[in-house]
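Notes for the one structure printed next.
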Amino acid sequence: MQYGRGTVYRTAAETRAHVLGVAGELFYGKGIRATGVDLVAAEAGVAPTTLYRLFSSKDGLVGAYVEHAAQGFEERFEAAVAGAGPDPRDQILAVFDAVFAQIDSEGFRGCALLMALAEFPDVDLPAHRNAVAAKVWFRRRMSELTDRLGVEDPAEMADHLTLAFEGLNASAQSLGAGGPAKRARTLVETILSSAATPPAETPRG
């Protein structure tokens with residue numbers, strides 16, 4: 001199979017991963033609807049028929065791109081948690097630190113999942129479903145972490161942290177890392193410190 005200059009031989013799985021990587025860069029950099037399948041195929045060095053054989057349609061390719069973006073975020077999330085030690089408070093802060101580091105990096109245009117939701121509001125499309133699934137995953141993982149904090153209402157705290165996370169992404173997309181986004185860690189620390197702990201049980205007897 002030929003790609004660009006010279007001939008490169010790849011398995012079907014390798015070809016799919018290659019095309020998906022190229023598509024991801026184009027979709028994130030130029031916008032999904034603004035990027036045609038022919039451009040993706042040309043940049044990846046494959047025939048359009050090969051691309052359609054791998055993904056069946058542009059909707060299939062976009063759905064796979066969103067799923068891949070979600071998997072990448074989940075891996076960064078879990079790496080931040082694993083590297084923060086056993087304290088769930090430190091783990092939560094580490095997640096937000098990792099998100100801000102990405103926001104503050106060159107080439108950041110916004111949350112890929114929020115961008116996909118904006119371009120694909122139809123709930124029946126793979127891109128929309130996969131982006132929503134990723135947001136649900138984040139909220140669930142936040143709930144699992146707040147459950148270990150010993151606060152009175154861990155579900156409420158998880159929702160507050162989810163709102164902080166979404167606000168961080170949205171603000172950074174419009175105002176950059178130097179805008180309100182730079183105060184996200186302080187906000188998260190406030191949320192973590194302001195939660196009430198359950199009242200101690202009165203000893204019987």
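Here, A, B, ... name the chains of the structure tokens in the order displayed, residue numbers run from 1 inside each chain, and ligands are numbered from 1 in the same displayed order.
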
task = Please identify all polymer residues within 12 Å of Pro126 (chain A), counting only C-alpha atoms, omitting same-chain residues fewer than 2 positions from it, and present them as a PyMOL selection string.
result = chain A and resi 55+57-67+116-117+120-124+128-133

query = Leaving out Asp104 (chain A) and any residue of its chain fewer than 3 positions from it, which residues lie within 7 Å of it when counting only C-alpha atoms, given as an MDAnalysis selection string?
reply = chainID A and resid 100:101 177

Create the file for the chosen residues now, containing C-alpha atoms and written as a compact mmCIF listing (two decimals), in the first residue's frame.
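Resulting contents of part.txt:
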```
# COMPACT_ATOMS: atom_id res chain seq x y z
CA PHE A 100 -4.48 22.98 32.39
CA ALA A 101 -1.09 21.80 31.10
CA ALA A 177 -4.79 29.87 29.26
```

task = Just the residues within 12 Å of Thr50 (chain A), please, counting only C-alpha atoms, with nothing from its chain fewer than 5 positions along; format it as a list in words.
result = Met1, Gln2, Tyr3, Ala12, Thr15, Arg16, Val19, Val37, Asp38, Val40, Ala41, Ala42, Ala44, Gly45, Phe55, Ser56 and Ser57 of chain A

May I have the selected residues written with C-alpha atoms, as a PDB file, in the first residue's frame?
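The result, stored in again-v9.pdb:
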```pdb
ATOM      1  CA  MET A   1       0.000   0.000   0.000  1.00  0.00           C
ATOM      2  CA  GLN A   2       1.471   3.361  -1.045  1.00  0.00           C
ATOM      3  CA  TYR A   3       1.628   6.404   1.224  1.00  0.00           C
ATOM      4  CA  ALA A  12      -5.278  -3.119   8.045  1.00  0.00           C
ATOM      5  CA  THR A  15      -3.554   1.625   8.202  1.00  0.00           C
ATOM      6  CA  ARG A  16      -6.674   2.407  10.185  1.00  0.00           C
ATOM      7  CA  VAL A  19      -5.637   7.357   8.804  1.00  0.00           C
ATOM      8  CA  VAL A  37     -12.832  12.875   3.280  1.00  0.00           C
ATOM      9  CA  ASP A  38     -10.788  13.443   0.121  1.00  0.00           C
ATOM     10  CA  VAL A  40      -8.010  13.170   4.802  1.00  0.00           C
ATOM     11  CA  ALA A  41      -7.275  10.447   2.254  1.00  0.00           C
ATOM     12  CA  ALA A  42      -4.772  12.636   0.403  1.00  0.00           C
ATOM     13  CA  ALA A  44      -2.860  10.075   4.759  1.00  0.00           C
ATOM     14  CA  GLY A  45      -1.612   8.853   1.383  1.00  0.00           C
ATOM     15  CA  PHE A  55     -14.616   3.500   8.208  1.00  0.00           C
ATOM     16  CA  SER A  56     -17.635   2.999   5.880  1.00  0.00           C
ATOM     17  CA  SER A  57     -18.567   6.723   5.911  1.00  0.00           C
TER      18      SER A  57
END
```

inquiry  = Measuring between only C-alpha atoms, which one of A:Ser171, A:Gln91, A:Thr190, A:Gln102 shows the shortest distance to Met142 (chain A)?
reply    = A:Gln91

Which residues, written as a PDB file with all heavy atoms, in the first residue's frame, have at least one atom at most 8 Å from region 149-165 of chain A, with only C-alpha atoms counted and residues fewer than 3 positions away on the same chain left out?
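Wrote part_16.pdb, looks like this:
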```
ATOM      1  N   PRO A  88      -7.271  11.077  47.474  1.00  0.00           N
ATOM      2  CA  PRO A  88      -8.176  11.469  46.391  1.00  0.00           C
ATOM      3  C   PRO A  88      -8.182  12.971  46.127  1.00  0.00           C
ATOM      4  O   PRO A  88      -8.406  13.403  44.995  1.00  0.00           O
ATOM      5  CB  PRO A  88      -9.547  10.969  46.857  1.00  0.00           C
ATOM      6  CG  PRO A  88      -9.420  10.786  48.333  1.00  0.00           C
ATOM      7  CD  PRO A  88      -7.997  10.397  48.573  1.00  0.00           C
ATOM      8  N   ARG A  89      -7.925  13.764  47.179  1.00  0.00           N
ATOM      9  CA  ARG A  89      -7.851  15.213  46.967  1.00  0.00           C
ATOM     10  C   ARG A  89      -6.690  15.547  46.032  1.00  0.00           C
ATOM     11  O   ARG A  89      -6.842  16.344  45.090  1.00  0.00           O
ATOM     12  CB  ARG A  89      -7.682  15.936  48.305  1.00  0.00           C
ATOM     13  CG  ARG A  89      -7.652  17.448  48.194  1.00  0.00           C
ATOM     14  CD  ARG A  89      -7.425  18.102  49.560  1.00  0.00           C
ATOM     15  NE  ARG A  89      -7.507  19.548  49.486  1.00  0.00           N
ATOM     16  CZ  ARG A  89      -6.517  20.339  49.072  1.00  0.00           C
ATOM     17  NH1 ARG A  89      -5.361  19.800  48.696  1.00  0.00           N
ATOM     18  NH2 ARG A  89      -6.679  21.643  49.034  1.00  0.00           N
ATOM     19  N   PHE A  96      -6.877  18.183  37.258  1.00  0.00           N
ATOM     20  CA  PHE A  96      -7.057  19.557  36.774  1.00  0.00           C
ATOM     21  C   PHE A  96      -5.721  20.172  36.357  1.00  0.00           C
ATOM     22  O   PHE A  96      -5.666  20.952  35.400  1.00  0.00           O
ATOM     23  CB  PHE A  96      -7.765  20.404  37.830  1.00  0.00           C
ATOM     24  CG  PHE A  96      -9.251  20.237  37.821  1.00  0.00           C
ATOM     25  CD1 PHE A  96      -9.853  19.205  38.523  1.00  0.00           C
ATOM     26  CD2 PHE A  96     -10.058  21.092  37.080  1.00  0.00           C
ATOM     27  CE1 PHE A  96     -11.232  19.031  38.501  1.00  0.00           C
ATOM     28  CE2 PHE A  96     -11.436  20.933  37.050  1.00  0.00           C
ATOM     29  CZ  PHE A  96     -12.023  19.897  37.758  1.00  0.00           C
ATOM     30  N   PHE A 138     -16.292  11.075  32.601  1.00  0.00           N
ATOM     31  CA  PHE A 138     -15.591  12.014  33.482  1.00  0.00           C
ATOM     32  C   PHE A 138     -16.386  12.246  34.764  1.00  0.00           C
ATOM     33  O   PHE A 138     -15.825  12.210  35.874  1.00  0.00           O
ATOM     34  CB  PHE A 138     -15.360  13.348  32.767  1.00  0.00           C
ATOM     35  CG  PHE A 138     -14.707  14.377  33.652  1.00  0.00           C
ATOM     36  CD1 PHE A 138     -13.331  14.431  33.768  1.00  0.00           C
ATOM     37  CD2 PHE A 138     -15.471  15.286  34.375  1.00  0.00           C
ATOM     38  CE1 PHE A 138     -12.716  15.367  34.603  1.00  0.00           C
ATOM     39  CE2 PHE A 138     -14.874  16.218  35.212  1.00  0.00           C
ATOM     40  CZ  PHE A 138     -13.501  16.260  35.321  1.00  0.00           C
ATOM     41  N   ARG A 139     -17.673  12.466  34.618  1.00  0.00           N
ATOM     42  CA  ARG A 139     -18.495  12.707  35.805  1.00  0.00           C
ATOM     43  C   ARG A 139     -18.496  11.491  36.735  1.00  0.00           C
ATOM     44  O   ARG A 139     -18.432  11.629  37.960  1.00  0.00           O
ATOM     45  CB  ARG A 139     -19.917  13.054  35.380  1.00  0.00           C
ATOM     46  CG  ARG A 139     -20.824  13.462  36.535  1.00  0.00           C
ATOM     47  CD  ARG A 139     -22.233  13.686  36.052  1.00  0.00           C
ATOM     48  NE  ARG A 139     -23.104  14.128  37.138  1.00  0.00           N
ATOM     49  CZ  ARG A 139     -24.426  14.157  37.055  1.00  0.00           C
ATOM     50  NH1 ARG A 139     -25.018  13.781  35.925  1.00  0.00           N
ATOM     51  NH2 ARG A 139     -25.152  14.551  38.074  1.00  0.00           N
ATOM     52  N   MET A 142     -15.164  11.358  38.556  1.00  0.00           N
ATOM     53  CA  MET A 142     -15.145  12.360  39.615  1.00  0.00           C
ATOM     54  C   MET A 142     -15.944  11.876  40.821  1.00  0.00           C
ATOM     55  O   MET A 142     -15.538  12.062  41.972  1.00  0.00           O
ATOM     56  CB  MET A 142     -15.724  13.687  39.108  1.00  0.00           C
ATOM     57  CG  MET A 142     -14.756  14.559  38.361  1.00  0.00           C
ATOM     58  SD  MET A 142     -13.453  15.242  39.429  1.00  0.00           S
ATOM     59  CE  MET A 142     -12.004  14.520  38.659  1.00  0.00           C
ATOM     60  N   SER A 143     -17.075  11.241  40.556  1.00  0.00           N
ATOM     61  CA  SER A 143     -17.902  10.719  41.655  1.00  0.00           C
ATOM     62  C   SER A 143     -17.153   9.651  42.440  1.00  0.00           C
ATOM     63  O   SER A 143     -17.243   9.593  43.674  1.00  0.00           O
ATOM     64  CB  SER A 143     -19.208  10.143  41.103  1.00  0.00           C
ATOM     65  OG  SER A 143     -20.012  11.156  40.536  1.00  0.00           O
ATOM     66  N   LEU A 145     -13.966   9.461  42.850  1.00  0.00           N
ATOM     67  CA  LEU A 145     -12.937  10.104  43.656  1.00  0.00           C
ATOM     68  C   LEU A 145     -13.541  10.848  44.847  1.00  0.00           C
ATOM     69  O   LEU A 145     -13.013  10.785  45.961  1.00  0.00           O
ATOM     70  CB  LEU A 145     -12.114  11.059  42.786  1.00  0.00           C
ATOM     71  CG  LEU A 145     -11.245  10.404  41.711  1.00  0.00           C
ATOM     72  CD1 LEU A 145     -10.563  11.467  40.856  1.00  0.00           C
ATOM     73  CD2 LEU A 145     -10.210   9.478  42.319  1.00  0.00           C
ATOM     74  N   THR A 146     -14.642  11.554  44.626  1.00  0.00           N
ATOM     75  CA  THR A 146     -15.240  12.290  45.738  1.00  0.00           C
ATOM     76  C   THR A 146     -15.861  11.345  46.767  1.00  0.00           C
ATOM     77  O   THR A 146     -15.949  11.705  47.949  1.00  0.00           O
ATOM     78  CB  THR A 146     -16.307  13.285  45.230  1.00  0.00           C
ATOM     79  OG1 THR A 146     -17.310  12.587  44.475  1.00  0.00           O
ATOM     80  CG2 THR A 146     -15.674  14.363  44.357  1.00  0.00           C
ATOM     81  N   LEU A 168     -13.571  25.381  32.645  1.00  0.00           N
ATOM     82  CA  LEU A 168     -12.151  25.528  32.329  1.00  0.00           C
ATOM     83  C   LEU A 168     -11.913  25.362  30.834  1.00  0.00           C
ATOM     84  O   LEU A 168     -11.237  26.177  30.192  1.00  0.00           O
ATOM     85  CB  LEU A 168     -11.344  24.491  33.115  1.00  0.00           C
ATOM     86  CG  LEU A 168      -9.872  24.301  32.770  1.00  0.00           C
ATOM     87  CD1 LEU A 168      -9.102  25.599  32.946  1.00  0.00           C
ATOM     88  CD2 LEU A 168      -9.268  23.192  33.624  1.00  0.00           C
ATOM     89  N   ASN A 169     -12.484  24.313  30.258  1.00  0.00           N
ATOM     90  CA  ASN A 169     -12.307  24.071  28.831  1.00  0.00           C
ATOM     91  C   ASN A 169     -12.929  25.161  27.971  1.00  0.00           C
ATOM     92  O   ASN A 169     -12.326  25.641  27.012  1.00  0.00           O
ATOM     93  CB  ASN A 169     -12.913  22.709  28.466  1.00  0.00           C
ATOM     94  CG  ASN A 169     -11.990  21.557  28.757  1.00  0.00           C
ATOM     95  OD1 ASN A 169     -10.890  21.472  28.221  1.00  0.00           O
ATOM     96  ND2 ASN A 169     -12.420  20.643  29.606  1.00  0.00           N
ATOM     97  N   ALA A 184      -8.364  28.089  37.670  1.00  0.00           N
ATOM     98  CA  ALA A 184      -9.138  26.851  37.851  1.00  0.00           C
ATOM     99  C   ALA A 184      -8.673  26.067  39.071  1.00  0.00           C
ATOM    100  O   ALA A 184      -9.495  25.537  39.822  1.00  0.00           O
ATOM    101  CB  ALA A 184      -9.041  25.984  36.598  1.00  0.00           C
ATOM    102  N   LEU A 187     -10.073  27.486  42.196  1.00  0.00           N
ATOM    103  CA  LEU A 187     -11.494  27.168  42.309  1.00  0.00           C
ATOM    104  C   LEU A 187     -11.689  25.738  42.794  1.00  0.00           C
ATOM    105  O   LEU A 187     -12.518  25.485  43.683  1.00  0.00           O
ATOM    106  CB  LEU A 187     -12.174  27.350  40.950  1.00  0.00           C
ATOM    107  CG  LEU A 187     -13.640  26.914  40.848  1.00  0.00           C
ATOM    108  CD1 LEU A 187     -14.507  27.680  41.844  1.00  0.00           C
ATOM    109  CD2 LEU A 187     -14.160  27.096  39.428  1.00  0.00           C
ATOM    110  N   VAL A 188     -10.920  24.819  42.249  1.00  0.00           N
ATOM    111  CA  VAL A 188     -11.041  23.418  42.659  1.00  0.00           C
ATOM    112  C   VAL A 188     -10.643  23.257  44.121  1.00  0.00           C
ATOM    113  O   VAL A 188     -11.299  22.527  44.876  1.00  0.00           O
ATOM    114  CB  VAL A 188     -10.193  22.513  41.740  1.00  0.00           C
ATOM    115  CG1 VAL A 188     -10.182  21.071  42.254  1.00  0.00           C
ATOM    116  CG2 VAL A 188     -10.732  22.554  40.318  1.00  0.00           C
ATOM    117  N   ILE A 191     -13.557  24.371  46.188  1.00  0.00           N
ATOM    118  CA  ILE A 191     -14.623  23.364  46.183  1.00  0.00           C
ATOM    119  C   ILE A 191     -14.277  22.229  47.143  1.00  0.00           C
ATOM    120  O   ILE A 191     -15.107  21.779  47.937  1.00  0.00           O
ATOM    121  CB  ILE A 191     -14.857  22.812  44.766  1.00  0.00           C
ATOM    122  CG1 ILE A 191     -15.443  23.904  43.861  1.00  0.00           C
ATOM    123  CG2 ILE A 191     -15.801  21.606  44.795  1.00  0.00           C
ATOM    124  CD1 ILE A 191     -15.501  23.529  42.400  1.00  0.00           C
ATOM    125  N   LEU A 192     -13.030  21.787  47.080  1.00  0.00           N
ATOM    126  CA  LEU A 192     -12.611  20.661  47.927  1.00  0.00           C
ATOM    127  C   LEU A 192     -12.615  21.026  49.406  1.00  0.00           C
ATOM    128  O   LEU A 192     -12.951  20.200  50.262  1.00  0.00           O
ATOM    129  CB  LEU A 192     -11.216  20.198  47.508  1.00  0.00           C
ATOM    130  CG  LEU A 192     -11.115  19.515  46.139  1.00  0.00           C
ATOM    131  CD1 LEU A 192      -9.652  19.314  45.752  1.00  0.00           C
ATOM    132  CD2 LEU A 192     -11.851  18.185  46.138  1.00  0.00           C
ATOM    133  N   ALA A 195     -16.489  21.688  51.309  1.00  0.00           N
ATOM    134  CA  ALA A 195     -17.489  20.641  51.500  1.00  0.00           C
ATOM    135  C   ALA A 195     -17.600  20.251  52.968  1.00  0.00           C
ATOM    136  O   ALA A 195     -16.594  20.123  53.669  1.00  0.00           O
ATOM    137  CB  ALA A 195     -17.138  19.420  50.657  1.00  0.00           C
ATOM    138  N   ALA A 196     -18.829  20.050  53.402  1.00  0.00           N
ATOM    139  CA  ALA A 196     -19.053  19.640  54.791  1.00  0.00           C
ATOM    140  C   ALA A 196     -18.788  18.158  54.949  1.00  0.00           C
ATOM    141  O   ALA A 196     -18.987  17.374  54.025  1.00  0.00           O
ATOM    142  CB  ALA A 196     -20.500  19.955  55.192  1.00  0.00           C
ATOM    143  N   THR A 197     -18.313  17.788  56.107  1.00  0.00           N
ATOM    144  CA  THR A 197     -18.118  16.369  56.416  1.00  0.00           C
ATOM    145  C   THR A 197     -19.327  15.858  57.190  1.00  0.00           C
ATOM    146  O   THR A 197     -20.003  16.618  57.882  1.00  0.00           O
ATOM    147  CB  THR A 197     -16.849  16.158  57.258  1.00  0.00           C
ATOM    148  OG1 THR A 197     -16.948  16.962  58.437  1.00  0.00           O
ATOM    149  CG2 THR A 197     -15.617  16.561  56.473  1.00  0.00           C
ATOM    150  N   PRO A 198     -19.621  14.589  57.095  1.00  0.00           N
ATOM    151  CA  PRO A 198     -20.779  14.037  57.811  1.00  0.00           C
ATOM    152  C   PRO A 198     -20.620  14.223  59.309  1.00  0.00           C
ATOM    153  O   PRO A 198     -19.513  14.136  59.848  1.00  0.00           O
ATOM    154  CB  PRO A 198     -20.758  12.556  57.435  1.00  0.00           C
ATOM    155  CG  PRO A 198     -19.933  12.471  56.211  1.00  0.00           C
ATOM    156  CD  PRO A 198     -18.914  13.572  56.313  1.00  0.00           C
TER     157      PRO A 198
END
```

Any chance you could list, as a tab-separated table (two decimals) with C-alpha atoms, in the first residue's frame, the residues in chain A that come up alpha helix (DSSP H) when DSSP is run on the backbone?
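This went into result.tsv:
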```
chain	number	residue	atom	x	y	z
A	12	ALA	CA	-5.28	-3.12	8.05
A	13	ALA	CA	-5.13	-2.19	11.74
A	14	GLU	CA	-2.00	-0.08	11.20
A	15	THR	CA	-3.55	1.63	8.20
A	16	ARG	CA	-6.67	2.41	10.19
A	17	ALA	CA	-4.61	3.88	13.03
A	18	HIS	CA	-2.57	5.94	10.55
A	19	VAL	CA	-5.64	7.36	8.80
A	20	LEU	CA	-7.29	8.07	12.15
A	21	GLY	CA	-4.23	9.98	13.35
A	22	VAL	CA	-4.15	12.11	10.21
A	23	ALA	CA	-7.90	12.72	10.37
A	24	GLY	CA	-7.61	13.71	14.02
A	25	GLU	CA	-5.03	16.39	13.28
A	26	LEU	CA	-7.12	17.78	10.43
A	27	PHE	CA	-10.44	17.66	12.27
A	28	TYR	CA	-9.01	19.31	15.36
A	29	GLY	CA	-7.04	21.92	13.44
A	30	LYS	CA	-9.48	22.83	10.66
A	37	VAL	CA	-12.83	12.87	3.28
A	38	ASP	CA	-10.79	13.44	0.12
A	39	LEU	CA	-8.41	15.74	2.03
A	40	VAL	CA	-8.01	13.17	4.80
A	41	ALA	CA	-7.28	10.45	2.25
A	42	ALA	CA	-4.77	12.64	0.40
A	43	GLU	CA	-2.94	13.68	3.56
A	44	ALA	CA	-2.86	10.08	4.76
A	48	PRO	CA	-10.63	7.30	-0.75
A	49	THR	CA	-11.89	3.77	-1.39
A	50	THR	CA	-9.43	2.49	1.23
A	51	LEU	CA	-10.67	5.04	3.73
A	52	TYR	CA	-14.30	4.07	3.14
A	53	ARG	CA	-13.39	0.41	3.46
A	54	LEU	CA	-11.92	1.14	6.89
A	55	PHE	CA	-14.62	3.50	8.21
A	58	LYS	CA	-17.41	10.13	7.09
A	59	ASP	CA	-19.75	9.78	10.06
A	60	GLY	CA	-17.97	6.54	10.91
A	61	LEU	CA	-14.58	8.23	10.64
A	62	VAL	CA	-15.70	11.17	12.79
A	63	GLY	CA	-17.19	8.83	15.37
A	64	ALA	CA	-13.90	6.93	15.54
A	65	TYR	CA	-11.99	10.22	15.87
A	66	VAL	CA	-14.14	11.33	18.82
A	67	GLU	CA	-13.80	7.92	20.46
A	68	HIS	CA	-10.02	8.08	20.01
A	69	ALA	CA	-9.91	11.59	21.50
A	70	ALA	CA	-11.92	10.34	24.47
A	71	GLN	CA	-9.57	7.40	24.98
A	72	GLY	CA	-6.60	9.75	24.96
A	73	PHE	CA	-8.20	11.93	27.60
A	74	GLU	CA	-9.07	8.93	29.76
A	75	GLU	CA	-5.46	7.77	29.61
A	76	ARG	CA	-4.18	11.21	30.67
A	77	PHE	CA	-6.75	11.30	33.47
A	78	GLU	CA	-5.73	7.92	34.83
A	79	ALA	CA	-2.02	8.74	34.51
A	80	ALA	CA	-2.57	11.91	36.56
A	81	VAL	CA	-4.48	9.97	39.22
A	82	ALA	CA	-1.85	7.22	39.36
A	88	PRO	CA	-8.18	11.47	46.39
A	89	ARG	CA	-7.85	15.21	46.97
A	90	ASP	CA	-4.38	15.18	45.43
A	91	GLN	CA	-5.66	12.99	42.60
A	92	ILE	CA	-8.45	15.43	41.75
A	93	LEU	CA	-6.04	18.36	41.76
A	94	ALA	CA	-3.62	16.39	39.58
A	95	VAL	CA	-6.36	15.83	36.99
A	96	PHE	CA	-7.06	19.56	36.77
A	97	ASP	CA	-3.32	20.30	36.62
A	98	ALA	CA	-3.00	17.90	33.69
A	99	VAL	CA	-5.93	19.51	31.91
A	100	PHE	CA	-4.48	22.98	32.39
A	101	ALA	CA	-1.09	21.80	31.10
A	102	GLN	CA	-2.78	20.69	27.89
A	103	ILE	CA	-4.69	23.96	27.65
A	112	ALA	CA	-12.16	18.18	21.14
A	113	LEU	CA	-15.28	16.63	22.66
A	114	LEU	CA	-17.09	19.95	23.18
A	115	MET	CA	-16.13	20.97	19.66
A	116	ALA	CA	-17.56	17.73	18.29
A	117	LEU	CA	-20.81	18.25	20.21
A	118	ALA	CA	-21.09	21.76	18.77
A	119	GLU	CA	-20.63	20.50	15.21
A	126	PRO	CA	-21.69	8.45	16.44
A	127	ALA	CA	-19.70	11.65	17.06
A	128	HIS	CA	-22.37	13.00	19.41
A	129	ARG	CA	-22.90	9.71	21.23
A	130	ASN	CA	-19.19	9.14	21.76
A	131	ALA	CA	-18.61	12.69	23.03
A	132	VAL	CA	-21.50	12.42	25.49
A	133	ALA	CA	-20.21	9.03	26.66
A	134	ALA	CA	-16.84	10.62	27.40
A	135	LYS	CA	-18.44	13.40	29.43
A	136	VAL	CA	-20.48	10.84	31.37
A	137	TRP	CA	-17.27	8.91	32.04
A	138	PHE	CA	-15.59	12.01	33.48
A	139	ARG	CA	-18.49	12.71	35.80
A	140	ARG	CA	-18.54	9.10	36.97
A	141	ARG	CA	-14.79	9.11	37.70
A	142	MET	CA	-15.14	12.36	39.61
A	143	SER	CA	-17.90	10.72	41.66
A	144	GLU	CA	-15.66	7.77	42.41
A	145	LEU	CA	-12.94	10.10	43.66
A	146	THR	CA	-15.24	12.29	45.74
A	154	PRO	CA	-19.93	13.52	47.34
A	155	ALA	CA	-22.37	13.58	44.39
A	156	GLU	CA	-22.85	17.33	44.75
A	157	MET	CA	-19.09	17.86	44.91
A	158	ALA	CA	-18.60	15.73	41.80
A	159	ASP	CA	-21.11	17.90	39.95
A	160	HIS	CA	-19.34	21.07	41.11
A	161	LEU	CA	-16.02	19.69	39.90
A	162	THR	CA	-17.57	18.67	36.58
A	163	LEU	CA	-18.88	22.20	36.13
A	164	ALA	CA	-15.41	23.57	36.94
A	165	PHE	CA	-13.90	21.21	34.38
A	166	GLU	CA	-16.32	22.20	31.62
A	167	GLY	CA	-15.92	25.89	32.46
A	168	LEU	CA	-12.15	25.53	32.33
A	169	ASN	CA	-12.31	24.07	28.83
A	170	ALA	CA	-14.85	26.56	27.51
A	171	SER	CA	-13.06	29.57	28.96
A	172	ALA	CA	-9.68	28.45	27.65
A	173	GLN	CA	-11.09	28.03	24.15
A	174	SER	CA	-12.28	31.64	24.02
A	175	LEU	CA	-9.89	33.51	26.34
A	184	ALA	CA	-9.14	26.85	37.85
A	185	ARG	CA	-6.88	25.21	40.44
A	186	THR	CA	-7.83	27.79	43.06
A	187	LEU	CA	-11.49	27.17	42.31
A	188	VAL	CA	-11.04	23.42	42.66
A	189	GLU	CA	-9.20	23.86	45.95
A	190	THR	CA	-12.09	26.01	47.20
A	191	ILE	CA	-14.62	23.36	46.18
A	192	LEU	CA	-12.61	20.66	47.93
A	193	SER	CA	-12.13	22.64	51.14
A	194	SER	CA	-15.68	23.97	51.43
```

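Residue nearest Gly31 (chain A), chosen from A:Leu125, A:Gly110, A:Gly179, A:Arg148 and counting only C-alpha atoms: A:Gly110.
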